[in-house]
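Novice: Just passing along the structure, written as C-alpha cells.
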Amino acid sequence: MDKSDSVLLAHGSGGKLSQELVRRMFLAELDNEALGRMDDAARLDVGGGRLAFTTDSYVVSPIFFPGGDIGKLAVCGTVNDLATAGAVPKYLSLAMIIEEGLPLDDLSRVVRSIREAALEAGVIIVTGDTKVVNRGKADRLFINTAGIGVIPDGRDISGANARPGDVIMLSGSVGDHGMAIMAQREGFSFQVPAASDCAPLNGMVEAVLAAVPDGVRVLRDPTRGGLATTLNEIAAQSAAGITIDESSVPVRDSVRGACELLGFDPLYVANEGKMIVITAPSAAPAALAAMRSSPYGADAAVIGEVTAERPGKVVLRTSLGARRVLDMLSGELLPRIC
C-alpha cells in the first residue's frame, strides 16, 4: 500500500493502487461471499432465481466527448457490468449530483442521451435521485447508477473461471475511449479523429451465449486500467497464467499514433465498449463468429490463451518474438476517464 496518509488521484485509476485500496479499506471491513468474488457485478440467489447487481459512479471530464457523453457512459457502463455476469440487464437507478450553474440545455442533452442508450440496451430507469451542490463544489455533473439483471439458469460466468487451454478473445480495438477523452480535454487534434467506443454490449454477449451456452468461462469489459490491468485481475482471480500476442491485439492507427505521441501504452488505456471473452477451446470458433456478427464486435480477434505457467501473471509475446510480463497499471494514466 502506498505510504501516503491520504487518498491520491491514482487510487482511482483502476490499477494496482485501486486494488490495494479496495482490499485494505473495504474488503477488510465489509467482506462477504458476493463482494469477495471481485467480479464487476454481484451474483445473488433470490427466491429460487439469480440476480446480478452492480453500481458505478461517473465523473468523466469533459461531460461531452466524441462518441458519447456522461449519460450514455453511465447507462452503457452499468449494462456492460451486468452482462459480464451473463445477466440480462433489466432495471437501472439514476442518481445525479449537479453543480449549481450547469445550463439546463446541457442537462437536457444528457437526459436525452440516457433515454436513447437505455432504449438500445433494453433497460428501464425505475428509480433515481437528484442533488444540487454549490457552485465550485462539483465539476458540472456526476452520475451514479445501479443496475439489476436476471441470470438465466445454467450460466456460471466469473473472472475466477479461466482454465489452462482456454482461448482469449477481444471484441475490438483498444484505447479508443481514453484517447477520445484525452483529445477533447486537452484540445489535441490527431490526423484521424479518435471517438469513444462507448456502447451497450449486452446484445453481443447474448449472441455469444446463445452460440456457445456451455462454453463461456469469463466475460469482462476492460475499462479503467485497460486490457493489461483487466487481464491481470482475471489471472489473479483464476490463479492461472495468461499469454497474449502483441500483434493480435487490435489498435487503431489513430490511437497508436496518439499513444506514441503522448508516451502511453494502448494496452493500459481505458475502453468503454469492448469485451474480453474467454471460452473453452472447442467453443472459440463459434464464439468469435457470434461476436463478429454484432456491429460492436466486427473487429473481434483471438488475442491469446490461458496457461498453466506463471499463475496470476500476464505475459505479452511481442511482435519481435520476445516475452515480457504485463503488470497492472501502476499510478494514474488518465484521471476522470469514466
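In the C-alpha cells, chains take the letters A, B, ... in the order shown, each chain's residues start at 1, and ligands count up from 1 in the order shown.
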So that each row is one residue of stretch 107-159 of chain A with an atom at most 10 Å from stretch 52-61 of chain A, can you give its shortest atom pair and the distance in Å to one decimal, using only C-alpha atoms, rows by chain and rising number, as JSON lines?
Specialist:
```
{"residue": "A:Ala138", "atom": "CA", "partner": "A:Val59", "partner_atom": "CA", "distance": 9.5}
{"residue": "A:Asp139", "atom": "CA", "partner": "A:Ser61", "partner_atom": "CA", "distance": 8.0}
{"residue": "A:Arg140", "atom": "CA", "partner": "A:Ser61", "partner_atom": "CA", "distance": 9.0}
{"residue": "A:Leu141", "atom": "CA", "partner": "A:Val59", "partner_atom": "CA", "distance": 7.3}
{"residue": "A:Phe142", "atom": "CA", "partner": "A:Val59", "partner_atom": "CA", "distance": 5.0}
{"residue": "A:Ile143", "atom": "CA", "partner": "A:Tyr58", "partner_atom": "CA", "distance": 5.1}
{"residue": "A:Asn144", "atom": "CA", "partner": "A:Ser57", "partner_atom": "CA", "distance": 4.2}
{"residue": "A:Thr145", "atom": "CA", "partner": "A:Asp56", "partner_atom": "CA", "distance": 5.6}
{"residue": "A:Ala146", "atom": "CA", "partner": "A:Thr55", "partner_atom": "CA", "distance": 4.0}
{"residue": "A:Gly147", "atom": "CA", "partner": "A:Thr54", "partner_atom": "CA", "distance": 5.3}
{"residue": "A:Ile148", "atom": "CA", "partner": "A:Phe53", "partner_atom": "CA", "distance": 4.8}
{"residue": "A:Gly149", "atom": "CA", "partner": "A:Ala52", "partner_atom": "CA", "distance": 5.0}
{"residue": "A:Val150", "atom": "CA", "partner": "A:Ala52", "partner_atom": "CA", "distance": 6.1}
{"residue": "A:Ile151", "atom": "CA", "partner": "A:Ala52", "partner_atom": "CA", "distance": 6.6}
```
Novice: Using the selection just defined, write its residues with all heavy atoms as a JSON list (two decimals), in the first residue's frame.
Specialist:
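Generated file (result-v6.json):
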```json
[["chain", "number", "residue", "atom", "x", "y", "z"],
["A", 138, "ALA", "N", -18.55, 20.81, -7.17],
["A", 138, "ALA", "CA", -18.51, 19.62, -8.03],
["A", 138, "ALA", "C", -18.00, 20.12, -9.39],
["A", 138, "ALA", "O", -17.72, 21.29, -9.55],
["A", 138, "ALA", "CB", -19.88, 18.98, -8.14],
["A", 139, "ASP", "N", -17.90, 19.23, -10.33],
["A", 139, "ASP", "CA", -17.44, 19.63, -11.66],
["A", 139, "ASP", "C", -18.57, 19.36, -12.66],
["A", 139, "ASP", "O", -18.59, 18.32, -13.31],
["A", 139, "ASP", "CB", -16.18, 18.85, -12.04],
["A", 139, "ASP", "CG", -15.55, 19.37, -13.33],
["A", 139, "ASP", "OD1", -16.12, 20.30, -13.93],
["A", 139, "ASP", "OD2", -14.50, 18.83, -13.74],
["A", 140, "ARG", "N", -19.53, 20.26, -12.70],
["A", 140, "ARG", "CA", -20.67, 20.24, -13.61],
["A", 140, "ARG", "C", -21.68, 19.14, -13.26],
["A", 140, "ARG", "O", -22.78, 19.42, -12.82],
["A", 140, "ARG", "CB", -20.24, 20.12, -15.07],
["A", 140, "ARG", "CG", -19.23, 21.18, -15.52],
["A", 140, "ARG", "CD", -19.11, 21.24, -17.01],
["A", 140, "ARG", "NE", -20.28, 21.90, -17.59],
["A", 140, "ARG", "CZ", -20.59, 21.86, -18.87],
["A", 140, "ARG", "NH1", -19.85, 21.15, -19.71],
["A", 140, "ARG", "NH2", -21.64, 22.48, -19.33],
["A", 141, "LEU", "N", -21.30, 17.88, -13.44],
["A", 141, "LEU", "CA", -22.30, 16.81, -13.26],
["A", 141, "LEU", "C", -21.61, 15.48, -12.95],
["A", 141, "LEU", "O", -20.71, 15.07, -13.67],
["A", 141, "LEU", "CB", -23.12, 16.67, -14.56],
["A", 141, "LEU", "CG", -24.18, 15.58, -14.61],
["A", 141, "LEU", "CD1", -25.27, 15.83, -13.58],
["A", 141, "LEU", "CD2", -24.78, 15.50, -16.01],
["A", 142, "PHE", "N", -22.06, 14.84, -11.88],
["A", 142, "PHE", "CA", -21.64, 13.48, -11.57],
["A", 142, "PHE", "C", -22.89, 12.59, -11.61],
["A", 142, "PHE", "O", -23.99, 13.04, -11.24],
["A", 142, "PHE", "CB", -21.01, 13.36, -10.17],
["A", 142, "PHE", "CG", -19.73, 14.17, -10.00],
["A", 142, "PHE", "CD1", -19.36, 14.62, -8.75],
["A", 142, "PHE", "CD2", -18.92, 14.45, -11.08],
["A", 142, "PHE", "CE1", -18.19, 15.36, -8.56],
["A", 142, "PHE", "CE2", -17.75, 15.19, -10.91],
["A", 142, "PHE", "CZ", -17.39, 15.64, -9.65],
["A", 143, "ILE", "N", -22.74, 11.35, -12.03],
["A", 143, "ILE", "CA", -23.86, 10.42, -12.11],
["A", 143, "ILE", "C", -23.48, 9.11, -11.41],
["A", 143, "ILE", "O", -22.39, 8.59, -11.61],
["A", 143, "ILE", "CB", -24.26, 10.11, -13.57],
["A", 143, "ILE", "CG1", -24.74, 11.39, -14.28],
["A", 143, "ILE", "CG2", -25.34, 9.04, -13.64],
["A", 143, "ILE", "CD1", -25.11, 11.17, -15.74],
["A", 144, "ASN", "N", -24.41, 8.59, -10.59],
["A", 144, "ASN", "CA", -24.27, 7.23, -10.04],
["A", 144, "ASN", "C", -25.42, 6.39, -10.57],
["A", 144, "ASN", "O", -26.56, 6.84, -10.57],
["A", 144, "ASN", "CB", -24.30, 7.23, -8.51],
["A", 144, "ASN", "CG", -24.30, 5.81, -7.96],
["A", 144, "ASN", "OD1", -25.35, 5.24, -7.74],
["A", 144, "ASN", "ND2", -23.13, 5.26, -7.76],
["A", 145, "THR", "N", -25.10, 5.20, -11.04],
["A", 145, "THR", "CA", -26.13, 4.27, -11.49],
["A", 145, "THR", "C", -25.96, 2.94, -10.77],
["A", 145, "THR", "O", -24.84, 2.56, -10.41],
["A", 145, "THR", "CB", -26.03, 4.01, -13.01],
["A", 145, "THR", "OG1", -24.69, 3.72, -13.34],
["A", 145, "THR", "CG2", -26.51, 5.21, -13.81],
["A", 146, "ALA", "N", -27.06, 2.25, -10.56],
["A", 146, "ALA", "CA", -27.03, 0.86, -10.12],
["A", 146, "ALA", "C", -27.90, 0.08, -11.09],
["A", 146, "ALA", "O", -28.82, 0.63, -11.70],
["A", 146, "ALA", "CB", -27.56, 0.73, -8.70],
["A", 147, "GLY", "N", -27.58, -1.19, -11.26],
["A", 147, "GLY", "CA", -28.32, -1.99, -12.22],
["A", 147, "GLY", "C", -28.63, -3.37, -11.69],
["A", 147, "GLY", "O", -27.88, -3.94, -10.90],
["A", 148, "ILE", "N", -29.79, -3.90, -12.13],
["A", 148, "ILE", "CA", -30.20, -5.26, -11.77],
["A", 148, "ILE", "C", -30.47, -6.02, -13.06],
["A", 148, "ILE", "O", -31.12, -5.52, -13.98],
["A", 148, "ILE", "CB", -31.48, -5.24, -10.90],
["A", 148, "ILE", "CG1", -31.17, -4.64, -9.52],
["A", 148, "ILE", "CG2", -32.04, -6.65, -10.73],
["A", 148, "ILE", "CD1", -32.39, -4.48, -8.65],
["A", 149, "GLY", "N", -29.96, -7.25, -13.12],
["A", 149, "GLY", "CA", -30.22, -8.13, -14.25],
["A", 149, "GLY", "C", -30.55, -9.52, -13.77],
["A", 149, "GLY", "O", -30.27, -9.89, -12.62],
["A", 150, "VAL", "N", -31.16, -10.31, -14.65],
["A", 150, "VAL", "CA", -31.54, -11.68, -14.32],
["A", 150, "VAL", "C", -30.55, -12.64, -14.98],
["A", 150, "VAL", "O", -30.26, -12.52, -16.18],
["A", 150, "VAL", "CB", -32.97, -11.98, -14.81],
["A", 150, "VAL", "CG1", -33.32, -13.44, -14.57],
["A", 150, "VAL", "CG2", -33.97, -11.06, -14.12],
["A", 151, "ILE", "N", -30.02, -13.59, -14.19],
["A", 151, "ILE", "CA", -29.09, -14.59, -14.72],
["A", 151, "ILE", "C", -29.88, -15.85, -15.05],
["A", 151, "ILE", "O", -30.43, -16.50, -14.14],
["A", 151, "ILE", "CB", -27.99, -14.92, -13.70],
["A", 151, "ILE", "CG1", -27.24, -13.65, -13.29],
["A", 151, "ILE", "CG2", -27.01, -15.94, -14.29],
["A", 151, "ILE", "CD1", -26.20, -13.86, -12.20]]
```
Novice: How close does each residue of stretch 164-217 of chain A get to stretch 68-83 of chain A, giving the shortest atom pair and distance in Å to one decimal for every residue with an atom at most 10 Å away, counting only C-alpha atoms, sorted by chain and residue number, as JSON lines?
Specialist:
```
{"residue": "A:His177", "atom": "CA", "partner": "A:Gly68", "partner_atom": "CA", "distance": 9.4}
{"residue": "A:Ala180", "atom": "CA", "partner": "A:Gly68", "partner_atom": "CA", "distance": 9.7}
{"residue": "A:Ile181", "atom": "CA", "partner": "A:Gly68", "partner_atom": "CA", "distance": 9.8}
{"residue": "A:Ala195", "atom": "CA", "partner": "A:Gly68", "partner_atom": "CA", "distance": 8.2}
{"residue": "A:Ser196", "atom": "CA", "partner": "A:Gly68", "partner_atom": "CA", "distance": 6.6}
{"residue": "A:Asp197", "atom": "CA", "partner": "A:Gly68", "partner_atom": "CA", "distance": 8.3}
{"residue": "A:Cys198", "atom": "CA", "partner": "A:Leu73", "partner_atom": "CA", "distance": 6.3}
{"residue": "A:Ala199", "atom": "CA", "partner": "A:Cys76", "partner_atom": "CA", "distance": 5.6}
{"residue": "A:Pro200", "atom": "CA", "partner": "A:Cys76", "partner_atom": "CA", "distance": 4.6}
{"residue": "A:Leu201", "atom": "CA", "partner": "A:Asn80", "partner_atom": "CA", "distance": 5.8}
{"residue": "A:Asn202", "atom": "CA", "partner": "A:Ala83", "partner_atom": "CA", "distance": 5.4}
{"residue": "A:Gly203", "atom": "CA", "partner": "A:Ala83", "partner_atom": "CA", "distance": 8.9}
{"residue": "A:Met204", "atom": "CA", "partner": "A:Ala83", "partner_atom": "CA", "distance": 9.5}
{"residue": "A:Val205", "atom": "CA", "partner": "A:Ala83", "partner_atom": "CA", "distance": 6.7}
{"residue": "A:Glu206", "atom": "CA", "partner": "A:Ala83", "partner_atom": "CA", "distance": 8.3}
```
Novice: Which one is closest to A:Val174: A:Val22, A:Leu104, A:Val126, A:Ala270? Count only C-alpha atoms.
Specialist: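 The closest residue to A:Val174 is A:Ala270.
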Novice: Which residue, A:Leu209, A:Val269, A:Leu30, A:Ala239, has the smallest gap to A:Glu332 when you use only C-alpha atoms?
Specialist: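 That would be A:Val269, the residue with the smallest distance to A:Glu332.
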Novice: Mind the document's chain letters and residue numbers, and return as an mmCIF file with C-alpha atoms, in the first residue's frame the residues of stretch 153-330 of chain A that DSSP labels alpha helix (DSSP H).
Specialist:
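Generated output (states_14.cif):
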```
data_model
loop_
_atom_site.group_PDB
_atom_site.id
_atom_site.type_symbol
_atom_site.label_atom_id
_atom_site.label_comp_id
_atom_site.auth_asym_id
_atom_site.auth_seq_id
_atom_site.Cartn_x
_atom_site.Cartn_y
_atom_site.Cartn_z
ATOM 1 C CA ASP A 176 -10.417 4.421 -28.290
ATOM 2 C CA HIS A 177 -12.288 5.821 -25.272
ATOM 3 C CA GLY A 178 -9.244 7.012 -23.375
ATOM 4 C CA MET A 179 -7.712 8.774 -26.359
ATOM 5 C CA ALA A 180 -11.044 10.404 -27.283
ATOM 6 C CA ILE A 181 -11.356 11.862 -23.781
ATOM 7 C CA MET A 182 -7.738 12.992 -23.727
ATOM 8 C CA ALA A 183 -8.036 14.682 -27.126
ATOM 9 C CA GLN A 184 -11.233 16.510 -26.142
ATOM 10 C CA ARG A 185 -9.909 17.537 -22.719
ATOM 11 C CA GLU A 186 -6.550 18.818 -23.876
ATOM 12 C CA ASN A 202 -25.429 -6.927 -23.803
ATOM 13 C CA GLY A 203 -26.771 -7.775 -27.276
ATOM 14 C CA MET A 204 -23.386 -9.034 -28.444
ATOM 15 C CA VAL A 205 -22.904 -11.003 -25.218
ATOM 16 C CA GLU A 206 -26.289 -12.692 -25.614
ATOM 17 C CA ALA A 207 -25.359 -13.692 -29.171
ATOM 18 C CA VAL A 208 -22.177 -15.330 -27.862
ATOM 19 C CA LEU A 209 -24.003 -17.121 -25.047
ATOM 20 C CA ALA A 210 -26.637 -18.367 -27.480
ATOM 21 C CA ALA A 211 -23.918 -19.721 -29.802
ATOM 22 C CA GLY A 226 -7.186 -1.025 -19.868
ATOM 23 C CA LEU A 227 -6.704 -4.512 -21.273
ATOM 24 C CA ALA A 228 -3.488 -5.256 -19.367
ATOM 25 C CA THR A 229 -4.939 -4.461 -15.935
ATOM 26 C CA THR A 230 -8.168 -6.377 -16.576
ATOM 27 C CA LEU A 231 -6.283 -9.480 -17.722
ATOM 28 C CA ASN A 232 -4.209 -9.264 -14.532
ATOM 29 C CA GLU A 233 -7.427 -9.228 -12.496
ATOM 30 C CA ILE A 234 -8.649 -12.356 -14.301
ATOM 31 C CA ALA A 235 -5.291 -14.126 -13.902
ATOM 32 C CA ALA A 236 -5.333 -13.398 -10.161
ATOM 33 C CA GLN A 237 -8.971 -14.466 -9.697
ATOM 34 C CA SER A 238 -8.428 -17.708 -11.639
ATOM 35 C CA ASP A 253 -3.704 3.670 -36.251
ATOM 36 C CA SER A 254 -5.027 6.966 -34.829
ATOM 37 C CA VAL A 255 -4.917 5.615 -31.267
ATOM 38 C CA ARG A 256 -1.492 4.053 -31.731
ATOM 39 C CA GLY A 257 -0.139 7.318 -33.117
ATOM 40 C CA ALA A 258 -1.648 9.378 -30.283
ATOM 41 C CA CYS A 259 -0.268 6.963 -27.672
ATOM 42 C CA GLU A 260 3.198 7.131 -29.187
ATOM 43 C CA LEU A 261 2.998 10.923 -29.212
ATOM 44 C CA LEU A 262 1.915 11.116 -25.564
ATOM 45 C CA ALA A 284 -13.881 -20.432 -29.517
ATOM 46 C CA PRO A 285 -14.691 -20.532 -33.278
ATOM 47 C CA ALA A 286 -18.456 -20.210 -32.716
ATOM 48 C CA ALA A 287 -17.990 -17.533 -30.052
ATOM 49 C CA LEU A 288 -15.744 -15.484 -32.346
ATOM 50 C CA ALA A 289 -18.232 -15.750 -35.194
ATOM 51 C CA ALA A 290 -21.043 -14.601 -32.876
ATOM 52 C CA MET A 291 -19.001 -11.597 -31.742
ATOM 53 C CA ARG A 292 -18.240 -10.633 -35.325
#
```
Novice: Could you check the closest approach to A:Cys338 for each of A:Ile63, A:Ala95, A:Val216, A:Leu267 and tell me which residue wins, using only C-alpha atoms?
Specialist: A:Ile63
Novice: Need the shell around A:Arg323: protein/DNA/RNA residues with any atom at most 10 Å away, counting only C-alpha atoms. Skip same-chain ones fewer than 5 positions apart. Format as a list in words?
Specialist: Thr243, Ile244, Asp245, Glu246, Val315, Leu316, Arg317 and Thr318 of chain A
Novice: List as a ChimeraX atom specification the protein and nucleic acid residues near A:Ile157, meaning an atom at most 8 Å away when only C-alpha atoms are counted, but skip any in the same chain fewer than 2 places from it.
Specialist: /A:84-86,155,159,161,216-219
Novice: Write to file, as an mmCIF file, in the first residue's frame, the residues of the selection just made, with N, CA, C and O atoms.
Specialist:
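See result.cif below for the written result:
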```cif
data_model
loop_
_atom_site.group_PDB
_atom_site.id
_atom_site.type_symbol
_atom_site.label_atom_id
_atom_site.label_comp_id
_atom_site.auth_asym_id
_atom_site.auth_seq_id
_atom_site.Cartn_x
_atom_site.Cartn_y
_atom_site.Cartn_z
ATOM 1 N N THR A 84 -21.360 -8.860 -17.968
ATOM 2 C CA THR A 84 -20.186 -9.682 -17.642
ATOM 3 C C THR A 84 -20.518 -10.834 -16.709
ATOM 4 O O THR A 84 -19.741 -11.776 -16.588
ATOM 5 N N ALA A 85 -21.665 -10.747 -16.029
ATOM 6 C CA ALA A 85 -22.108 -11.850 -15.170
ATOM 7 C C ALA A 85 -22.998 -12.821 -15.937
ATOM 8 O O ALA A 85 -23.550 -13.756 -15.345
ATOM 9 N N GLY A 86 -23.172 -12.588 -17.227
ATOM 10 C CA GLY A 86 -24.086 -13.413 -18.019
ATOM 11 C C GLY A 86 -25.533 -13.058 -17.783
ATOM 12 O O GLY A 86 -26.431 -13.815 -18.154
ATOM 13 N N ARG A 155 -26.072 -20.645 -16.248
ATOM 14 C CA ARG A 155 -24.921 -19.797 -16.548
ATOM 15 C C ARG A 155 -24.040 -19.640 -15.308
ATOM 16 O O ARG A 155 -24.536 -19.293 -14.232
ATOM 17 N N GLY A 159 -14.813 -14.084 -13.314
ATOM 18 C CA GLY A 159 -13.386 -13.900 -13.547
ATOM 19 C C GLY A 159 -12.540 -15.009 -12.962
ATOM 20 O O GLY A 159 -11.365 -15.143 -13.299
ATOM 21 N N ASN A 161 -13.115 -18.222 -13.423
ATOM 22 C CA ASN A 161 -13.376 -19.485 -14.129
ATOM 23 C C ASN A 161 -12.384 -19.833 -15.241
ATOM 24 O O ASN A 161 -12.544 -20.864 -15.891
ATOM 25 N N VAL A 216 -18.659 -20.530 -22.400
ATOM 26 C CA VAL A 216 -18.086 -19.257 -21.966
ATOM 27 C C VAL A 216 -17.663 -19.345 -20.502
ATOM 28 O O VAL A 216 -18.464 -19.679 -19.635
ATOM 29 N N ARG A 217 -16.390 -19.053 -20.231
ATOM 30 C CA ARG A 217 -15.868 -19.102 -18.852
ATOM 31 C C ARG A 217 -15.889 -17.708 -18.198
ATOM 32 O O ARG A 217 -16.290 -17.554 -17.062
ATOM 33 N N VAL A 218 -15.378 -16.695 -18.942
ATOM 34 C CA VAL A 218 -15.180 -15.354 -18.374
ATOM 35 C C VAL A 218 -15.654 -14.303 -19.365
ATOM 36 O O VAL A 218 -15.410 -14.422 -20.575
ATOM 37 N N LEU A 219 -16.329 -13.271 -18.844
ATOM 38 C CA LEU A 219 -16.653 -12.074 -19.612
ATOM 39 C C LEU A 219 -16.186 -10.886 -18.774
ATOM 40 O O LEU A 219 -16.460 -10.831 -17.583
#
```
Novice: Can you pull out every residue within 10 Å of A:Ala34, counting only C-alpha atoms, but drop anything in the same chain fewer than 4 positions away, and send it as a tab-separated table (two decimals) with N, CA, C and O atoms, in the first residue's frame?
Specialist:
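File written: part19.tsv
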```tsv
chain	number	residue	atom	x	y	z
A	38	MET	N	-15.09	-10.29	-6.27
A	38	MET	CA	-14.43	-9.20	-7.01
A	38	MET	C	-14.79	-9.20	-8.49
A	38	MET	O	-14.00	-8.79	-9.34
A	39	ASP	N	-15.99	-9.66	-8.82
A	39	ASP	CA	-16.48	-9.52	-10.18
A	39	ASP	C	-17.11	-8.14	-10.36
A	39	ASP	O	-17.36	-7.43	-9.38
A	41	ALA	N	-20.10	-7.47	-11.29
A	41	ALA	CA	-21.47	-7.50	-10.77
A	41	ALA	C	-21.58	-8.64	-9.77
A	41	ALA	O	-21.05	-9.72	-10.00
A	42	ALA	N	-22.30	-8.39	-8.66
A	42	ALA	CA	-22.51	-9.44	-7.66
A	42	ALA	C	-23.60	-10.38	-8.14
A	42	ALA	O	-24.61	-9.95	-8.71
A	43	ARG	N	-23.41	-11.69	-7.92
A	43	ARG	CA	-24.44	-12.67	-8.23
A	43	ARG	C	-25.16	-13.03	-6.95
A	43	ARG	O	-24.54	-13.45	-5.97
A	44	LEU	N	-26.50	-12.90	-6.95
A	44	LEU	CA	-27.28	-13.07	-5.73
A	44	LEU	C	-28.37	-14.10	-5.95
A	44	LEU	O	-29.10	-14.05	-6.93
```
Novice: Give me the residues near A:Arg23 as a PyMOL selection string, where near means some atom within 12 Å (using only C-alpha atoms) and where sequence neighbours in that chain fewer than 6 positions away do not count.
Specialist: chain A and resi 1+11+16-17+29-31+35-38
Novice: Could you turn the residues from that selection into a file that holds N, CA and C atoms, as a tab-separated table (two decimals), in the first residue's frame?
Specialist:
```
chain	number	residue	atom	x	y	z
A	1	MET	N	0.84	-1.19	0.00
A	1	MET	CA	0.00	0.00	0.00
A	1	MET	C	0.87	1.24	0.00
A	11	HIS	N	-5.35	6.42	-6.68
A	11	HIS	CA	-6.19	5.38	-6.06
A	11	HIS	C	-7.47	5.14	-6.86
A	16	LYS	N	-3.21	-0.89	-9.81
A	16	LYS	CA	-2.71	-1.56	-8.61
A	16	LYS	C	-3.12	-0.84	-7.33
A	17	LEU	N	-3.03	0.50	-7.32
A	17	LEU	CA	-3.39	1.24	-6.10
A	17	LEU	C	-4.88	1.13	-5.81
A	29	GLU	N	-13.22	-4.63	5.96
A	29	GLU	CA	-14.32	-4.36	6.88
A	29	GLU	C	-15.64	-4.97	6.42
A	30	LEU	N	-15.82	-5.14	5.12
A	30	LEU	CA	-17.15	-5.45	4.59
A	30	LEU	C	-17.22	-6.79	3.87
A	31	ASP	N	-16.18	-7.59	3.91
A	31	ASP	CA	-16.09	-8.78	3.05
A	31	ASP	C	-17.25	-9.74	3.31
A	35	LEU	N	-19.26	-10.05	-2.34
A	35	LEU	CA	-18.29	-8.96	-2.53
A	35	LEU	C	-16.89	-9.52	-2.78
A	36	GLY	N	-16.56	-10.60	-2.08
A	36	GLY	CA	-15.22	-11.16	-2.16
A	36	GLY	C	-14.88	-11.77	-3.50
A	37	ARG	N	-15.88	-12.04	-4.35
A	37	ARG	CA	-15.57	-12.59	-5.67
A	37	ARG	C	-14.88	-11.57	-6.56
A	38	MET	N	-15.09	-10.29	-6.27
A	38	MET	CA	-14.43	-9.20	-7.01
A	38	MET	C	-14.79	-9.20	-8.49
```
